[in-house]
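J.: If it helps, the file is called upload_16.csv and holds CSV, C-alpha atoms:
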```csv
chain,number,residue,atom,x,y,z
L,29,MET,CA,27.7,159.9,65.5
L,30,ARG,CA,26.4,161.7,68.6
L,31,LEU,CA,25.2,165.1,67.4
L,32,GLY,CA,24.2,167.8,69.9
L,33,VAL,CA,21.6,170.3,68.9
L,34,TYR,CA,21.6,173.6,70.8
L,35,GLY,CA,18.9,176.0,69.7
L,36,GLY,CA,17.8,179.3,71.1
L,37,THR,CA,17.3,183.0,70.5
L,38,PHE,CA,21.0,183.7,71.5
L,39,ASN,CA,20.3,187.4,71.8
L,40,PRO,CA,23.2,187.5,72.4
L,41,MET,CA,25.0,184.2,73.0
L,42,HIS,CA,26.8,184.5,76.3
L,43,ALA,CA,29.3,182.9,78.7
L,44,GLY,CA,26.5,180.8,80.2
L,45,HIS,CA,25.7,179.2,76.8
L,46,VAL,CA,29.4,178.5,76.3
L,47,HIS,CA,29.6,176.9,79.7
L,48,ILE,CA,26.6,174.6,79.0
L,49,LEU,CA,28.0,173.6,75.7
L,50,ARG,CA,31.4,172.6,77.1
L,51,GLU,CA,29.9,170.7,80.0
L,52,MET,CA,27.3,168.9,77.9
L,53,ILE,CA,29.8,167.9,75.2
L,54,ARG,CA,32.0,166.3,77.9
L,55,ARG,CA,29.2,164.7,79.9
L,56,LEU,CA,27.3,163.3,76.9
L,57,SER,CA,30.4,162.3,74.9
L,58,LEU,CA,29.1,164.3,71.9
L,59,ASP,CA,31.0,164.1,68.7
L,60,ARG,CA,29.9,167.5,67.5
L,61,VAL,CA,27.3,170.2,68.1
L,62,LEU,CA,25.1,172.4,65.9
L,63,VAL,CA,24.2,175.8,67.4
L,64,ILE,CA,21.0,177.0,65.7
L,65,PRO,CA,19.8,180.6,66.4
L,66,ALA,CA,16.1,180.9,66.0
L,67,ASN,CA,14.5,183.2,63.4
L,68,VAL,CA,11.3,183.9,65.5
L,69,PRO,CA,11.3,182.2,68.9
L,70,PRO,CA,7.9,180.6,69.4
L,71,HIS,CA,8.1,180.1,73.2
L,72,LYS,CA,8.9,183.6,74.5
L,73,GLN,CA,8.6,187.2,73.6
L,74,ALA,CA,12.0,188.4,72.3
L,75,GLU,CA,12.9,191.8,73.5
L,76,ASP,CA,15.4,194.0,71.6
L,77,LEU,CA,15.9,191.1,69.1
L,78,ALA,CA,19.1,191.7,67.1
L,79,ASP,CA,19.0,190.9,63.4
L,80,GLY,CA,19.6,187.3,62.6
L,81,ALA,CA,22.9,188.0,60.8
L,82,HIS,CA,24.2,189.6,63.9
L,83,ARG,CA,23.1,186.8,66.2
L,84,LEU,CA,24.6,184.2,63.8
L,85,ALA,CA,27.9,186.1,63.8
L,86,MET,CA,28.0,186.4,67.6
L,87,CYS,CA,27.2,182.6,67.9
L,88,ARG,CA,30.2,181.9,65.6
L,89,LEU,CA,32.5,184.0,67.8
L,90,ALA,CA,31.2,182.4,71.0
L,91,ALA,CA,31.7,178.9,69.5
L,92,GLU,CA,35.4,179.6,69.1
L,93,GLU,CA,35.6,179.3,72.9
L,94,VAL,CA,34.6,175.6,72.7
L,95,ARG,CA,37.3,173.2,72.0
L,96,GLU,CA,35.9,170.0,73.5
L,97,ALA,CA,34.3,169.0,70.1
L,98,PRO,CA,33.6,170.7,66.8
L,99,VAL,CA,30.8,173.2,67.0
L,100,GLU,CA,29.1,174.4,63.8
L,101,VAL,CA,26.7,177.4,63.9
L,102,SER,CA,23.8,176.8,61.5
L,103,ASP,CA,21.5,179.3,59.8
L,104,LEU,CA,18.9,176.5,59.3
L,105,GLU,CA,16.1,178.3,61.2
L,106,LEU,CA,17.1,181.8,60.0
L,107,GLN,CA,16.5,180.7,56.5
L,108,ARG,CA,12.9,179.8,57.3
L,109,THR,CA,10.1,182.3,57.6
L,110,GLY,CA,7.8,182.4,60.6
L,111,PRO,CA,8.3,180.8,64.0
L,112,SER,CA,11.2,178.5,64.5
L,113,TYR,CA,9.6,175.2,65.5
L,114,THR,CA,12.0,172.6,67.0
L,115,ALA,CA,10.0,169.8,65.4
L,116,ASP,CA,10.7,171.2,61.9
L,117,THR,CA,14.4,171.6,62.7
L,118,LEU,CA,14.8,168.0,64.0
L,119,GLU,CA,13.0,166.6,61.0
L,120,GLU,CA,15.4,168.4,58.7
L,121,LEU,CA,18.4,167.3,60.7
L,122,HIS,CA,17.1,163.7,60.7
L,123,ARG,CA,16.9,163.9,56.9
L,124,ARG,CA,20.4,165.3,56.6
L,125,TYR,CA,22.1,163.1,59.1
L,126,PRO,CA,20.0,159.9,59.2
L,127,GLU,CA,22.8,157.9,60.9
L,128,ASP,CA,23.3,160.3,63.7
L,129,LYS,CA,21.8,160.2,67.2
L,130,LEU,CA,20.3,163.6,68.0
L,131,PHE,CA,20.7,165.1,71.5
L,132,LEU,CA,18.6,168.2,72.1
L,133,LEU,CA,20.3,170.5,74.7
L,134,MET,CA,18.2,172.7,76.8
L,135,GLY,CA,17.9,174.5,80.1
L,136,GLU,CA,15.5,173.9,82.9
L,137,ASP,CA,12.7,176.3,81.7
L,138,MET,CA,12.5,174.7,78.3
L,139,PHE,CA,12.6,171.1,79.7
L,140,LEU,CA,9.8,171.8,82.1
L,141,THR,CA,7.4,173.0,79.3
L,142,VAL,CA,8.5,170.8,76.4
L,143,GLU,CA,5.3,168.7,76.3
L,144,HIS,CA,3.5,171.9,75.3
L,145,TRP,CA,5.7,172.6,72.3
L,146,VAL,CA,4.3,172.2,68.7
L,147,ARG,CA,4.4,168.5,67.8
L,148,ALA,CA,6.0,167.6,71.1
L,149,ARG,CA,5.5,163.9,70.6
L,150,GLU,CA,7.3,164.1,67.3
L,151,ILE,CA,10.2,166.0,69.0
L,152,MET,CA,10.6,163.3,71.6
L,153,SER,CA,10.6,160.5,69.0
L,154,LEU,CA,13.5,162.2,67.1
L,155,CYS,CA,15.9,163.0,69.8
L,156,THR,CA,17.1,162.6,73.4
L,157,LEU,CA,16.1,165.5,75.6
L,158,CYS,CA,19.2,166.7,77.6
L,159,ALA,CA,18.6,169.2,80.4
L,160,CYS,CA,20.5,171.0,83.1
L,161,PRO,CA,19.2,173.0,86.0
L,162,ARG,CA,19.0,176.8,86.6
L,163,SER,CA,19.0,176.3,90.4
L,164,ASP,CA,20.5,174.2,93.1
L,165,SER,CA,17.6,171.7,92.9
L,166,MET,CA,17.3,168.8,90.4
L,167,GLU,CA,14.0,167.6,91.9
L,168,ALA,CA,11.7,169.5,89.4
L,169,LEU,CA,13.7,168.1,86.5
L,170,ARG,CA,13.6,164.6,87.9
L,171,ALA,CA,9.8,164.7,88.3
L,172,LYS,CA,9.4,166.0,84.7
L,173,LYS,CA,11.7,163.3,83.4
L,174,ARG,CA,9.6,160.6,85.0
L,175,GLN,CA,6.4,162.2,83.5
L,176,LEU,CA,7.8,162.5,80.0
L,177,GLU,CA,9.1,159.0,80.0
L,178,ALA,CA,5.8,157.6,81.2
L,179,GLU,CA,3.5,159.7,79.0
L,180,PHE,CA,5.6,160.1,75.8
L,181,SER,CA,8.2,157.3,76.1
L,182,ALA,CA,10.7,160.1,75.9
L,183,ARG,CA,14.4,159.6,76.2
L,184,CYS,CA,15.7,162.0,78.8
L,185,VAL,CA,19.1,162.8,80.3
L,186,LEU,CA,19.7,165.1,83.2
L,187,GLU,CA,23.1,166.6,83.9
L,188,ASP,CA,23.7,168.5,87.1
L,189,VAL,CA,25.8,171.2,85.4
L,190,PRO,CA,26.9,174.0,87.8
L,191,TYR,CA,24.8,177.0,87.0
L,192,HIS,CA,26.5,180.0,85.3
L,193,PRO,CA,24.6,183.2,86.2
L,194,ALA,CA,25.1,185.0,82.8
L,195,SER,CA,21.9,185.9,81.0
L,196,SER,CA,21.1,187.7,77.7
L,197,THR,CA,18.5,189.9,79.5
L,198,GLU,CA,21.2,191.1,82.0
L,199,ILE,CA,23.6,191.8,79.1
L,200,ARG,CA,21.2,193.9,77.2
L,201,ALA,CA,20.3,195.8,80.4
L,202,ARG,CA,23.9,196.5,81.2
L,203,LEU,CA,24.6,197.7,77.7
L,204,ARG,CA,21.6,200.1,77.8
L,205,ALA,CA,22.9,201.4,81.2
L,206,GLY,CA,26.5,201.8,79.8
L,207,GLU,CA,27.9,199.2,82.3
L,208,PRO,CA,30.6,196.7,81.6
L,209,LEU,CA,29.9,193.0,80.7
L,210,THR,CA,32.7,191.6,82.8
L,211,GLY,CA,32.5,187.8,82.7
L,212,LEU,CA,29.0,187.7,81.1
L,213,ALA,CA,30.0,187.3,77.4
L,214,PRO,CA,33.1,186.1,75.5
L,215,ALA,CA,35.4,189.0,74.8
L,216,LYS,CA,34.9,188.7,71.0
L,217,VAL,CA,31.2,188.8,71.4
L,218,GLU,CA,31.3,191.9,73.5
L,219,ALA,CA,33.6,193.6,71.0
L,220,TYR,CA,31.2,192.7,68.2
L,221,ILE,CA,28.3,194.1,70.1
L,222,ARG,CA,30.0,197.4,70.8
L,223,ALA,CA,31.4,197.6,67.2
L,224,HIS,CA,27.9,197.3,65.8
L,225,GLY,CA,26.1,199.3,68.5
L,226,LEU,CA,23.7,196.4,69.3
L,227,TYR,CA,21.2,196.7,72.2
L,228,MET,CA,22.1,200.3,72.7
L,229,GLY,CA,19.7,201.9,70.2
L,230,LYS,CA,22.4,202.6,67.6
L,231,GLU,CA,22.6,199.4,65.6
L,232,LYS,CA,25.0,199.5,62.6
L,233,PRO,CA,24.8,197.2,59.6
```
Go through the file and emit its structure as C-alpha cells.
T.:
Amino acid sequence: MRLGVYGGTFNPMHAGHVHILREMIRRLSLDRVLVIPANVPPHKQAEDLADGAHRLAMCRLAAEEVREAPVEVSDLELQRTGPSYTADTLEELHRRYPEDKLFLLMGEDMFLTVEHWVRAREIMSLCTLCACPRSDSMEALRAKKRQLEAEFSARCVLEDVPYHPASSTEIRARLRAGEPLTGLAPAKVEAYIRAHGLYMGKEKP
C-alpha cells in the first residue's frame, strides 16, 4: 500500500494544506494518508500554538474535505513528549505498517532543509520525499533533488502543484484583527476556531 505521511504544526490546518493533500493523493496514486500534527515542532518557532487537542480536531474537520483517498488524522506525535522528530515518527510507522511504502509529503521550505533534520539519513532511508513548490519556479527543488540523490541516495519526487496562497500565519493575523477568513480555511475549521476562541486571546476548552 502507498501510504502518504503529512506532518506539520497545522496551527491551524487550512485550505492550502487540503489543496496539497488532494493534489498529492492524485499525482502519487496514494492509497491513504496519515495527517500527523506535531507536539512541539523542531524546525521552527511556533507562534500562538493552539493546544494539541484543538489542532487535532481541526485537522479532522479539514480532512473531511478530502475524498480522493482515506485520510486518517493521527495523534502519534501528540502522545510523545518533547520535539516531534520525523525520524521517530517514520520508524514507528515502519513498525506498524511494514508492508507499506511511505511517502513523506512536504512543501518547498522543508524539502530545501531536510538534510539538516535530526537523523536525516535515516529519514531518507525510510521514505520517499515528495515536495511541491511555494513559488512559480521548480529550479531550487530540482537542484536539491539532485543533491539529495547524490549524497544520501534519497528517493525524491517533485510535483508542480499550483500554489495555494493560504497560510496559518495569515489566518492567525486575520483573526486577531477581526477580519474574515474567506477562502483561507475550510468552513468547519473556521467555525471551530470561532467557537473555541482560538488565536484571539480567548481560548475556550
J.: Atom CA of L:Gly211 and atom CA of L:Leu84, how far apart in Å?
T.: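 For atom CA of L:Leu84 relative to atom CA of L:Gly211, the distance reads 20.8 Å.
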J.: Please list as a ChimeraX atom specification every residue within 12 Å of stretch 221-224 of chain L, counting only C-alpha atoms and excluding residues in the same chain fewer than 5 positions away.
T.: /L:39-42,78-79,81-83,85-87,89,199-200,203-204,206-209,213-216,229-233
J.: Between atom CA of L:Thr37 and atom CA of L:Glu150, measure the distance and give it in Å to one decimal.
T.: 21.6 Å
J.: In Å, how far is it from atom CA of L:Lys129 to atom CA of L:Ala171?
T.: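 Atom CA of L:Lys129 sits 24.7 Å away from atom CA of L:Ala171.
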J.: Pick from L:Leu77, L:Leu133, L:Ala219, L:Leu104: nearest to L:Leu58, with only C-alpha atoms counted?
T.: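 With only C-alpha atoms as the atom set, the closest residue is L:Leu133.
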J.: Just checking: using all atoms listed in the file, which residue out of L:Ile64, L:Leu130, L:Leu56, L:Ala43 ends up closest to L:Leu31?
T.: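 Residue with the minimum atom-to-atom distance to L:Leu31: L:Leu130.
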J.: Please return, as a VMD selection string, all polymer residues that have at least one atom within 10 Å of the point (17.1, 158.7, 76.0); use all atoms listed in the file and the file's own coordinate frame.
T.: chain L and resid 130 to 131 152 to 153 155 to 158 177 181 to 186
J.: Anything within 10 Å of (18.3, 189.3, 78.7): list those residues as a list in words, counting only C-alpha atoms and sticking to the file's coordinates.
T.: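 Nearby residues: Phe38, Asn39, Pro40, Ala74, Glu75, Asp76, Ala194, Ser195, Ser196, Thr197, Glu198, Ile199, Arg200, Ala201 and Arg202 of chain L.
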J.: Using all atoms listed in the file, can you tell me which of L:Ile151, L:Ala90, L:Ala97, L:Leu49 comes closest to L:Ala115?
T.: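 Comparing L:Ile151, L:Ala90, L:Ala97, L:Leu49 against L:Ala115, the winner is L:Ile151.
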J.: Closest to L:Arg147 among L:Val94, L:Leu169, L:Pro190, L:Leu118, using only C-alpha atoms?
T.: L:Leu118
J.: Counting only C-alpha atoms, figure out which residue out of L:Arg95, L:Arg174, L:Arg108, L:Arg149 gets nearest to L:Arg54.
T.: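 Closest candidate: L:Arg95.
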J.: Find the spatial neighbours of L:Arg55, counting only C-alpha atoms, within a cut-off of 9 Å - ignore same-chain residues fewer than 4 positions away - and output them as a list of chain:residue names.
T.: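 The residues satisfying every condition are L:Arg50, L:Glu51, L:Glu187.
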J.: Please determine, counting only C-alpha atoms, which residue among L:Gly35, L:Thr114, L:His45, L:Gln107 has the shortest atom-to-atom distance to L:His144.
T.: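 Checking each candidate against L:His144, we get L:Thr114 as the closest.
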J.: Set the distance at 12 Å and use all atoms listed in the file: which residues neighbour L:Glu167 once local chain neighbours fewer than 4 positions away are removed? I'd like the list as a PyMOL selection string.
T.: chain L and resi 136+140+160-163+171-174+186+188
